[in-house]
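Participant: Input run-v4.pdb, format and content: PDB, C-alpha atoms, pLDDT in the B column.
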```
ATOM      1  CA  MET W   1      -4.913 -15.683 -18.751  1.00 86.00           C
ATOM      2  CA  SER W   2      -5.370 -19.063 -17.101  1.00 91.00           C
ATOM      3  CA  PHE W   3      -2.948 -21.794 -16.024  1.00 88.00           C
ATOM      4  CA  TYR W   4      -4.553 -25.064 -17.105  1.00 91.00           C
ATOM      5  CA  GLN W   5      -3.057 -28.576 -17.006  1.00 89.00           C
ATOM      6  CA  GLY W   6       0.496 -27.284 -16.872  1.00 85.00           C
ATOM      7  CA  LYS W   7       0.123 -24.739 -19.680  1.00 89.00           C
ATOM      8  CA  LEU W   8      -0.553 -21.005 -19.774  1.00 92.00           C
ATOM      9  CA  TYR W   9      -3.503 -19.916 -21.920  1.00 95.00           C
ATOM     10  CA  ALA W  10      -4.726 -16.484 -22.997  1.00 95.00           C
ATOM     11  CA  ILE W  11      -7.918 -15.358 -24.710  1.00 95.00           C
ATOM     12  CA  ALA W  12      -7.811 -12.754 -27.497  1.00 94.00           C
ATOM     13  CA  LYS W  13     -10.536 -10.225 -28.253  1.00 92.00           C
ATOM     14  CA  ASP W  14     -11.591 -12.252 -31.311  1.00 94.00           C
ATOM     15  CA  GLU W  15     -12.015 -15.256 -28.953  1.00 96.00           C
ATOM     16  CA  ASN W  16      -8.973 -17.106 -30.268  1.00 97.00           C
ATOM     17  CA  LEU W  17      -7.505 -19.292 -27.521  1.00 97.00           C
ATOM     18  CA  LEU W  18      -3.730 -18.949 -27.387  1.00 96.00           C
ATOM     19  CA  VAL W  19      -1.181 -21.148 -25.639  1.00 95.00           C
ATOM     20  CA  VAL W  20       1.863 -19.303 -24.310  1.00 91.00           C
ATOM     21  CA  ASN W  21       5.093 -21.306 -24.124  1.00 87.00           C
ATOM     22  CA  ILE W  22       7.573 -20.155 -21.487  1.00 83.00           C
ATOM     23  CA  SER W  23      11.280 -20.976 -21.683  1.00 83.00           C
ATOM     24  CA  GLN W  24      14.382 -19.922 -19.777  1.00 83.00           C
ATOM     25  CA  ASP W  25      16.804 -17.307 -21.040  1.00 83.00           C
ATOM     26  CA  HIS W  26      20.175 -19.088 -21.251  1.00 83.00           C
ATOM     27  CA  SER W  27      22.172 -15.953 -20.443  1.00 88.00           C
ATOM     28  CA  THR W  28      20.154 -14.591 -17.506  1.00 90.00           C
ATOM     29  CA  GLY W  29      18.128 -17.589 -16.360  1.00 85.00           C
ATOM     30  CA  ASP W  30      14.965 -15.472 -16.440  1.00 88.00           C
ATOM     31  CA  PRO W  31      11.719 -16.861 -17.854  1.00 83.00           C
ATOM     32  CA  GLN W  32      10.739 -15.580 -21.289  1.00 82.00           C
ATOM     33  CA  VAL W  33       7.943 -16.103 -23.797  1.00 81.00           C
ATOM     34  CA  SER W  34       9.338 -18.403 -26.487  1.00 81.00           C
ATOM     35  CA  ARG W  35       6.222 -18.981 -28.574  1.00 85.00           C
ATOM     36  CA  ILE W  36       2.534 -18.084 -28.779  1.00 90.00           C
ATOM     37  CA  GLY W  37       0.316 -20.458 -30.731  1.00 94.00           C
ATOM     38  CA  ARG W  38      -3.396 -20.596 -31.501  1.00 96.00           C
ATOM     39  CA  VAL W  39      -5.175 -23.737 -30.333  1.00 96.00           C
ATOM     40  CA  ILE W  40      -8.802 -22.651 -30.927  1.00 97.00           C
ATOM     41  CA  GLU W  41     -10.038 -20.205 -33.556  1.00 96.00           C
ATOM     42  CA  GLY W  42     -12.763 -17.964 -32.195  1.00 94.00           C
ATOM     43  CA  ASP W  43     -16.199 -17.659 -33.768  1.00 89.00           C
ATOM     44  CA  CYS W  44     -17.261 -14.308 -32.370  1.00 86.00           C
ATOM     45  CA  PRO W  45     -20.488 -12.740 -33.716  1.00 84.00           C
ATOM     46  CA  THR W  46     -19.702  -9.971 -36.196  1.00 84.00           C
ATOM     47  CA  TRP W  47     -22.214  -7.514 -34.731  1.00 83.00           C
ATOM     48  CA  TYR W  48     -20.138  -6.707 -31.645  1.00 83.00           C
ATOM     49  CA  ASP W  49     -19.132  -3.015 -31.489  1.00 75.00           C
ATOM     50  CA  ALA W  50     -21.590  -2.174 -34.281  1.00 86.00           C
ATOM     51  CA  VAL W  51     -24.140   0.573 -33.556  1.00 85.00           C
ATOM     52  CA  PHE W  52     -27.734  -0.398 -34.333  1.00 90.00           C
ATOM     53  CA  GLU W  53     -30.567   1.833 -35.520  1.00 88.00           C
ATOM     54  CA  ASP W  54     -31.741   2.434 -31.940  1.00 89.00           C
ATOM     55  CA  ASN W  55     -28.210   3.679 -31.053  1.00 89.00           C
ATOM     56  CA  SER W  56     -27.482   0.567 -28.991  1.00 91.00           C
ATOM     57  CA  SER W  57     -24.242  -1.389 -29.179  1.00 90.00           C
ATOM     58  CA  ALA W  58     -22.872  -4.553 -27.584  1.00 90.00           C
ATOM     59  CA  CYS W  59     -19.616  -4.303 -25.637  1.00 87.00           C
ATOM     60  CA  LYS W  60     -17.845  -7.503 -24.674  1.00 89.00           C
ATOM     61  CA  LYS W  61     -15.672  -8.824 -21.856  1.00 90.00           C
ATOM     62  CA  LEU W  62     -14.067 -12.279 -21.925  1.00 93.00           C
ATOM     63  CA  TYR W  63     -12.928 -14.442 -19.018  1.00 94.00           C
ATOM     64  CA  LEU W  64     -11.041 -17.753 -18.800  1.00 96.00           C
ATOM     65  CA  VAL W  65     -11.909 -20.031 -15.880  1.00 96.00           C
ATOM     66  CA  GLU W  66     -10.863 -23.582 -15.029  1.00 95.00           C
ATOM     67  CA  SER W  67     -13.805 -25.541 -13.651  1.00 95.00           C
ATOM     68  CA  ARG W  68     -14.082 -29.250 -12.830  1.00 93.00           C
ATOM     69  CA  GLY W  69     -11.161 -30.145 -15.098  1.00 94.00           C
ATOM     70  CA  MET W  70     -12.459 -28.055 -18.021  1.00 97.00           C
ATOM     71  CA  LEU W  71     -11.294 -24.729 -19.414  1.00 97.00           C
ATOM     72  CA  LEU W  72     -14.231 -22.352 -19.830  1.00 98.00           C
ATOM     73  CA  MET W  73     -14.586 -19.080 -21.700  1.00 98.00           C
ATOM     74  CA  VAL W  74     -17.272 -16.743 -20.389  1.00 97.00           C
ATOM     75  CA  ARG W  75     -18.563 -14.140 -22.837  1.00 96.00           C
ATOM     76  CA  ARG W  76     -20.125 -11.201 -21.035  1.00 93.00           C
ATOM     77  CA  THR W  77     -22.149  -8.829 -23.203  1.00 92.00           C
ATOM     78  CA  ILE W  78     -22.906  -5.334 -21.910  1.00 88.00           C
ATOM     79  CA  TRP W  79     -25.575  -3.545 -23.928  1.00 90.00           C
ATOM     80  CA  CYS W  80     -24.723   0.146 -24.211  1.00 88.00           C
ATOM     81  CA  GLN W  81     -26.789   3.087 -25.378  1.00 89.00           C
ATOM     82  CA  PHE W  82     -25.101   5.748 -27.506  1.00 86.00           C
ATOM     83  CA  PRO W  83     -26.263   9.388 -27.444  1.00 84.00           C
ATOM     84  CA  GLU W  84     -28.177  10.776 -30.396  1.00 81.00           C
ATOM     85  CA  PRO W  85     -25.972  11.888 -33.318  1.00 75.00           C
ATOM     86  CA  GLY W  86     -24.555  15.326 -32.583  1.00 70.00           C
ATOM     87  CA  GLY W  87     -25.338  15.036 -28.880  1.00 68.00           C
ATOM     88  CA  ASP W  88     -22.860  15.512 -26.056  1.00 70.00           C
ATOM     89  CA  GLY W  89     -24.178  12.745 -23.816  1.00 76.00           C
ATOM     90  CA  LYS W  90     -22.180   9.782 -22.539  1.00 81.00           C
ATOM     91  CA  ILE W  91     -22.344   6.163 -23.645  1.00 81.00           C
ATOM     92  CA  MET W  92     -24.436   4.449 -20.974  1.00 82.00           C
ATOM     93  CA  GLY W  93     -23.930   0.837 -19.914  1.00 81.00           C
ATOM     94  CA  GLY W  94     -27.023  -1.287 -19.404  1.00 82.00           C
ATOM     95  CA  GLN W  95     -28.146  -4.903 -19.348  1.00 87.00           C
ATOM     96  CA  ASN W  96     -25.634  -7.756 -18.992  1.00 89.00           C
ATOM     97  CA  GLU W  97     -25.874 -11.126 -20.733  1.00 94.00           C
ATOM     98  CA  PHE W  98     -23.683 -14.211 -20.265  1.00 96.00           C
ATOM     99  CA  GLU W  99     -22.713 -17.198 -22.399  1.00 97.00           C
ATOM    100  CA  VAL W 100     -20.353 -19.994 -21.328  1.00 98.00           C
ATOM    101  CA  PHE W 101     -18.237 -22.151 -23.650  1.00 98.00           C
ATOM    102  CA  GLU W 102     -16.043 -25.187 -22.989  1.00 98.00           C
ATOM    103  CA  ALA W 103     -12.715 -25.601 -24.789  1.00 98.00           C
ATOM    104  CA  ASP W 104     -12.838 -28.711 -26.997  1.00 98.00           C
ATOM    105  CA  PHE W 105      -9.126 -29.239 -27.637  1.00 96.00           C
ATOM    106  CA  GLU W 106      -9.652 -32.409 -29.673  1.00 96.00           C
ATOM    107  CA  HIS W 107     -11.711 -30.580 -32.317  1.00 97.00           C
ATOM    108  CA  SER W 108     -10.156 -27.115 -31.767  1.00 96.00           C
ATOM    109  CA  ARG W 109     -13.427 -25.344 -31.063  1.00 97.00           C
ATOM    110  CA  TRP W 110     -15.549 -23.684 -28.393  1.00 97.00           C
ATOM    111  CA  VAL W 111     -18.658 -25.638 -27.356  1.00 98.00           C
ATOM    112  CA  LYS W 112     -21.502 -23.713 -25.734  1.00 97.00           C
ATOM    113  CA  VAL W 113     -22.730 -25.145 -22.423  1.00 97.00           C
ATOM    114  CA  SER W 114     -26.002 -24.479 -20.608  1.00 97.00           C
ATOM    115  CA  THR W 115     -24.762 -25.116 -17.063  1.00 97.00           C
ATOM    116  CA  VAL W 116     -21.617 -24.745 -14.960  1.00 97.00           C
ATOM    117  CA  GLY W 117     -22.772 -27.413 -12.491  1.00 95.00           C
ATOM    118  CA  ASP W 118     -25.431 -27.603  -9.794  1.00 94.00           C
ATOM    119  CA  ASP W 119     -22.818 -27.134  -7.049  1.00 94.00           C
ATOM    120  CA  GLN W 120     -20.480 -24.758  -8.913  1.00 96.00           C
ATOM    121  CA  VAL W 121     -20.247 -20.964  -8.888  1.00 96.00           C
ATOM    122  CA  LEU W 122     -18.013 -18.881 -11.164  1.00 97.00           C
ATOM    123  CA  PHE W 123     -16.479 -15.711  -9.728  1.00 93.00           C
ATOM    124  CA  LEU W 124     -15.494 -13.381 -12.576  1.00 92.00           C
ATOM    125  CA  GLY W 125     -13.037 -10.506 -12.343  1.00 84.00           C
ATOM    126  CA  ARG W 126     -10.414  -8.856 -14.538  1.00 77.00           C
ATOM    127  CA  ARG W 127      -7.647  -9.731 -12.082  1.00 75.00           C
ATOM    128  CA  CYS W 128      -8.904 -13.102 -10.940  1.00 80.00           C
ATOM    129  CA  SER W 129     -11.605 -15.557 -12.009  1.00 89.00           C
ATOM    130  CA  ARG W 130     -12.287 -18.817 -10.240  1.00 93.00           C
ATOM    131  CA  SER W 131     -14.748 -21.683  -9.979  1.00 95.00           C
ATOM    132  CA  MET W 132     -15.740 -23.001  -6.562  1.00 93.00           C
ATOM    133  CA  SER W 133     -17.980 -25.718  -5.165  1.00 92.00           C
ATOM    134  CA  VAL W 134     -20.550 -24.135  -2.845  1.00 91.00           C
ATOM    135  CA  SER W 135     -22.702 -27.094  -1.796  1.00 86.00           C
ATOM    136  CA  GLN W 136     -20.721 -27.405   1.448  1.00 86.00           C
ATOM    137  CA  TYR W 137     -21.803 -23.865   2.336  1.00 85.00           C
ATOM    138  CA  GLY W 138     -25.486 -24.519   1.661  1.00 86.00           C
ATOM    139  CA  LEU W 139     -25.539 -22.089  -1.277  1.00 87.00           C
ATOM    140  CA  PRO W 140     -27.244 -22.654  -4.641  1.00 92.00           C
ATOM    141  CA  GLY W 141     -24.920 -23.345  -7.567  1.00 95.00           C
ATOM    142  CA  ASP W 142     -25.034 -22.912 -11.337  1.00 97.00           C
ATOM    143  CA  ARG W 143     -24.500 -19.172 -10.935  1.00 96.00           C
ATOM    144  CA  ILE W 144     -22.009 -16.510 -12.009  1.00 96.00           C
ATOM    145  CA  PHE W 145     -20.879 -13.725  -9.673  1.00 92.00           C
ATOM    146  CA  PHE W 146     -19.453 -10.734 -11.553  1.00 90.00           C
ATOM    147  CA  LEU W 147     -17.954  -7.325 -10.821  1.00 81.00           C
ATOM    148  CA  ASP W 148     -18.254  -3.953 -12.541  1.00 71.00           C
ATOM    149  CA  ASP W 149     -14.469  -3.764 -12.732  1.00 63.00           C
ATOM    150  CA  ASP W 150     -13.544  -1.168 -15.343  1.00 59.00           C
ATOM    151  CA  GLU W 151      -9.882  -0.444 -15.983  1.00 53.00           C
ATOM    152  CA  ASP W 152      -8.106   2.449 -14.263  1.00 44.00           C
ATOM    153  CA  ASN W 153      -8.809   5.808 -15.924  1.00 38.00           C
ATOM    154  CA  ARG W 154     -10.485   4.111 -18.892  1.00 48.00           C
ATOM    155  CA  LEU W 155     -14.264   3.986 -18.868  1.00 54.00           C
ATOM    156  CA  ASP W 156     -15.749   2.984 -22.216  1.00 67.00           C
ATOM    157  CA  TYR W 157     -19.220   3.689 -20.891  1.00 70.00           C
ATOM    158  CA  ALA W 158     -20.899   5.252 -17.867  1.00 69.00           C
ATOM    159  CA  TYR W 159     -23.766   4.201 -15.595  1.00 68.00           C
ATOM    160  CA  ASP W 160     -26.825   5.940 -14.214  1.00 67.00           C
ATOM    161  CA  GLU W 161     -26.114   4.739 -10.674  1.00 65.00           C
ATOM    162  CA  GLU W 162     -23.495   6.514  -8.562  1.00 60.00           C
ATOM    163  CA  LYS W 163     -22.598   3.344  -6.663  1.00 58.00           C
ATOM    164  CA  THR W 164     -21.851  -0.174  -7.833  1.00 64.00           C
ATOM    165  CA  SER W 165     -21.533  -3.638  -6.360  1.00 64.00           C
ATOM    166  CA  PHE W 166     -21.459  -7.179  -7.700  1.00 80.00           C
ATOM    167  CA  GLY W 167     -24.170  -8.978  -9.639  1.00 86.00           C
ATOM    168  CA  VAL W 168     -25.324 -12.594  -9.770  1.00 92.00           C
ATOM    169  CA  TYR W 169     -26.361 -14.370 -12.974  1.00 94.00           C
ATOM    170  CA  SER W 170     -28.377 -17.591 -12.792  1.00 96.00           C
ATOM    171  CA  MET W 171     -27.509 -20.067 -15.553  1.00 96.00           C
ATOM    172  CA  ARG W 172     -30.690 -21.996 -14.785  1.00 94.00           C
ATOM    173  CA  PHE W 173     -33.142 -19.097 -14.989  1.00 94.00           C
ATOM    174  CA  ARG W 174     -31.123 -16.837 -17.347  1.00 93.00           C
ATOM    175  CA  SER W 175     -31.688 -13.914 -15.007  1.00 94.00           C
ATOM    176  CA  ILE W 176     -29.558 -11.376 -13.129  1.00 91.00           C
ATOM    177  CA  GLY W 177     -29.958 -10.397  -9.496  1.00 87.00           C
ATOM    178  CA  SER W 178     -28.270  -7.674  -7.474  1.00 78.00           C
ATOM    179  CA  GLY W 179     -25.538  -8.375  -4.952  1.00 72.00           C
ATOM    180  CA  ASP W 180     -25.545  -7.801  -1.218  1.00 70.00           C
ATOM    181  CA  PRO W 181     -27.084  -4.340  -0.553  1.00 66.00           C
ATOM    182  CA  ASN W 182     -24.592  -3.870   2.287  1.00 68.00           C
ATOM    183  CA  ILE W 183     -21.615  -4.148  -0.097  1.00 68.00           C
ATOM    184  CA  SER W 184     -21.059  -1.295  -2.543  1.00 65.00           C
ATOM    185  CA  TRP W 185     -18.513   1.279  -3.626  1.00 62.00           C
ATOM    186  CA  LYS W 186     -18.677   4.622  -5.366  1.00 65.00           C
ATOM    187  CA  ARG W 187     -17.984   4.933  -9.066  1.00 64.00           C
ATOM    188  CA  CYS W 188     -15.391   7.495 -10.108  1.00 62.00           C
ATOM    189  CA  ALA W 189     -13.209   8.418 -13.080  1.00 59.00           C
ATOM    190  CA  GLU W 190     -10.237   6.713 -11.410  1.00 57.00           C
ATOM    191  CA  MET W 191     -12.067   3.538 -10.463  1.00 55.00           C
ATOM    192  CA  TYR W 192      -9.642   0.785  -9.492  1.00 58.00           C
ATOM    193  CA  LEU W 193     -10.005  -2.852 -10.384  1.00 60.00           C
ATOM    194  CA  ALA W 194     -11.984  -4.831  -7.842  1.00 68.00           C
ATOM    195  CA  ALA W 195     -10.943  -8.412  -7.069  1.00 73.00           C
ATOM    196  CA  TRP W 196     -12.315 -11.505  -5.367  1.00 81.00           C
ATOM    197  CA  LEU W 197     -10.514 -12.790  -2.272  1.00 79.00           C
ATOM    198  CA  PHE W 198     -10.687 -16.514  -1.496  1.00 79.00           C
ATOM    199  CA  PRO W 199      -9.749 -18.489   1.625  1.00 74.00           C
ATOM    200  CA  GLN W 200      -6.592 -20.554   1.395  1.00 71.00           C
ATOM    201  CA  ASP W 201      -7.086 -24.035  -0.035  1.00 62.00           C
ATOM    202  CA  ARG W 202      -6.670 -26.866   2.436  1.00 51.00           C
TER     203      ARG W 202
END
```
Can the structure from this file be put into C-alpha cells for me?
Facilitator:
Amino acid sequence: MSFYQGKLYAIAKDENLLVVNISQDHSTGDPQVSRIGRVIEGDCPTWYDAVFEDNSSACKKLYLVESRGMLLMVRRTIWCQFPEPGGDGKIMGGQNEFEVFEADFEHSRWVKVSTVGDDQVLFLGRRCSRSMSVSQYGLPGDRIFFLDDDEDNRLDYAYDEEKTSFGVYSMRFRSIGSGDPNISWKRCAEMYLAAWLFPQDR
C-alpha cells in the first residue's frame, strides 16, 4: 500500500491499482473501509508462474513507491529453477530483474519508465518502500536497493547461499551488484521480514 496525494492505494497481484476509501463508523467512530475501486487495470505478462521447458519459472513481487510527485510500481522478477519431474529437490531462486512503471491516472494505465532520476534511489521492502534524494550524500542515483525479505514461515523458493544481504540494481546499466559485505544475516525457515530504517525528516 501507499499513501499518495491524500488517498490510500494498493496494488493487486494482477497489477491492478486500487484506491481504498476510508470512512468513519457512525456508531463507534472507528475508521473503516467503505469502498475499494480500480483506477488502473494491470497488463501483467501471462507467462508469470508458468514453468518453461528448462524447468525455470518467473516469480513476481510488486512494490508501490511515491517518488518526485509520481506514484511508481516496481515489478521485481525472480527467476526460479524447479527440480526435475519426480525429483525431491527444492525450488531455487536465482537472478533478479526490475521494471519500473509510472501511474498515468489521466489515461488509467501504467507507463514504463527507464529512469527513477539521476539523484533518486528507491529502497524496496515488503514493510516499507521509499524514494530518497542522495545527491546531498555524494552517492550515485538512478538505483534500486532491495531486500531478500521473504514472509515469515513461507518460503516459495530457496537459495544456494546460507546468508543474505541487500542488493543494488542500476537503472542506467541494467545490472545488479551486491550490498555491503559487512552487512548480512543468516537465512532460516522462520526468516523475519527485514525493513529499511530512515532518519527523521527535517
Participant: Written as a PyMOL selection string, which residues does the PyMOL selection byres ((chain W and resi 12-20) around 6) give for the file shown?
Facilitator: chain W and resi 8-11+21+36-42
Participant: What's around Phe173 in chain W at 10 Å? Count only C-alpha atoms, leave out sequence neighbours fewer than 4 positions away in its own chain, and write the answer as a VMD selection string.
Facilitator: chain W and resid 142 to 143 169
Participant: Could you pull the residues within 10 Å of Val111 in chain W, counting only C-alpha atoms, minus those fewer than 4 positions along the same chain, as a ChimeraX atom specification?
Facilitator: /W:72-73,100-104,107
Participant: What does the distance from CA of Asp118 in chain W to CA of Tyr137 in chain W come to in Å, to one decimal?
Facilitator: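 Value for the CA of Asp118 in chain W-CA of Tyr137 in chain W distance: 13.2 Å.
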Participant: Residues picked by the PyMOL selection byres ((chain W and resi 51-65) around 8) here, as number ranges by chain?
Facilitator: W: 1-2, 10-11, 13, 15, 47-50, 66-67, 71-84, 122, 124-126, 129-131
Participant: Dump C-alpha atoms for the selected residues as a JSON list (two decimals), keeping the file's coordinate frame?
Facilitator:
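Output file result_35.json is given in full below:
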```json
[["chain", "number", "residue", "atom", "x", "y", "z"],
["W", 1, "MET", "CA", -4.91, -15.68, -18.75],
["W", 2, "SER", "CA", -5.37, -19.06, -17.10],
["W", 10, "ALA", "CA", -4.73, -16.48, -23.00],
["W", 11, "ILE", "CA", -7.92, -15.36, -24.71],
["W", 13, "LYS", "CA", -10.54, -10.22, -28.25],
["W", 15, "GLU", "CA", -12.02, -15.26, -28.95],
["W", 47, "TRP", "CA", -22.21, -7.51, -34.73],
["W", 48, "TYR", "CA", -20.14, -6.71, -31.64],
["W", 49, "ASP", "CA", -19.13, -3.02, -31.49],
["W", 50, "ALA", "CA", -21.59, -2.17, -34.28],
["W", 66, "GLU", "CA", -10.86, -23.58, -15.03],
["W", 67, "SER", "CA", -13.80, -25.54, -13.65],
["W", 71, "LEU", "CA", -11.29, -24.73, -19.41],
["W", 72, "LEU", "CA", -14.23, -22.35, -19.83],
["W", 73, "MET", "CA", -14.59, -19.08, -21.70],
["W", 74, "VAL", "CA", -17.27, -16.74, -20.39],
["W", 75, "ARG", "CA", -18.56, -14.14, -22.84],
["W", 76, "ARG", "CA", -20.12, -11.20, -21.04],
["W", 77, "THR", "CA", -22.15, -8.83, -23.20],
["W", 78, "ILE", "CA", -22.91, -5.33, -21.91],
["W", 79, "TRP", "CA", -25.58, -3.54, -23.93],
["W", 80, "CYS", "CA", -24.72, 0.15, -24.21],
["W", 81, "GLN", "CA", -26.79, 3.09, -25.38],
["W", 82, "PHE", "CA", -25.10, 5.75, -27.51],
["W", 83, "PRO", "CA", -26.26, 9.39, -27.44],
["W", 84, "GLU", "CA", -28.18, 10.78, -30.40],
["W", 122, "LEU", "CA", -18.01, -18.88, -11.16],
["W", 124, "LEU", "CA", -15.49, -13.38, -12.58],
["W", 125, "GLY", "CA", -13.04, -10.51, -12.34],
["W", 126, "ARG", "CA", -10.41, -8.86, -14.54],
["W", 129, "SER", "CA", -11.60, -15.56, -12.01],
["W", 130, "ARG", "CA", -12.29, -18.82, -10.24],
["W", 131, "SER", "CA", -14.75, -21.68, -9.98]]
```
Participant: Nearest to Gly117 in chain W among W:Arg68, W:Arg35, W:Lys7, W:Arg174, with distances taken over all atoms listed in the file: which residue is it?
Facilitator: W:Arg68
Participant: How many Å separate CA of Phe3 in chain W from CA of Thr28 in chain W?
Facilitator: 24.2 Å
Participant: Please report the interatomic distance between CA of Gln200 in chain W and CA of Val116 in chain W in Å with one decimal.
Facilitator: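 So the answer is 22.6 Å.
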Participant: If the PyMOL selection byres ((chain W and resi 23) around 6) were run on this exact file, what residues would it hold? Put them as a PyMOL selection string.
Facilitator: chain W and resi 22+24+31-32+34
Participant: Considering only C-alpha atoms, state which residue in the set W:Asp30, W:Asp148, W:Asp119, W:Asp43 is at the smallest distance from Gly94 in chain W.
Facilitator: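 With only C-alpha atoms as the atom set, the closest residue is W:Asp148.
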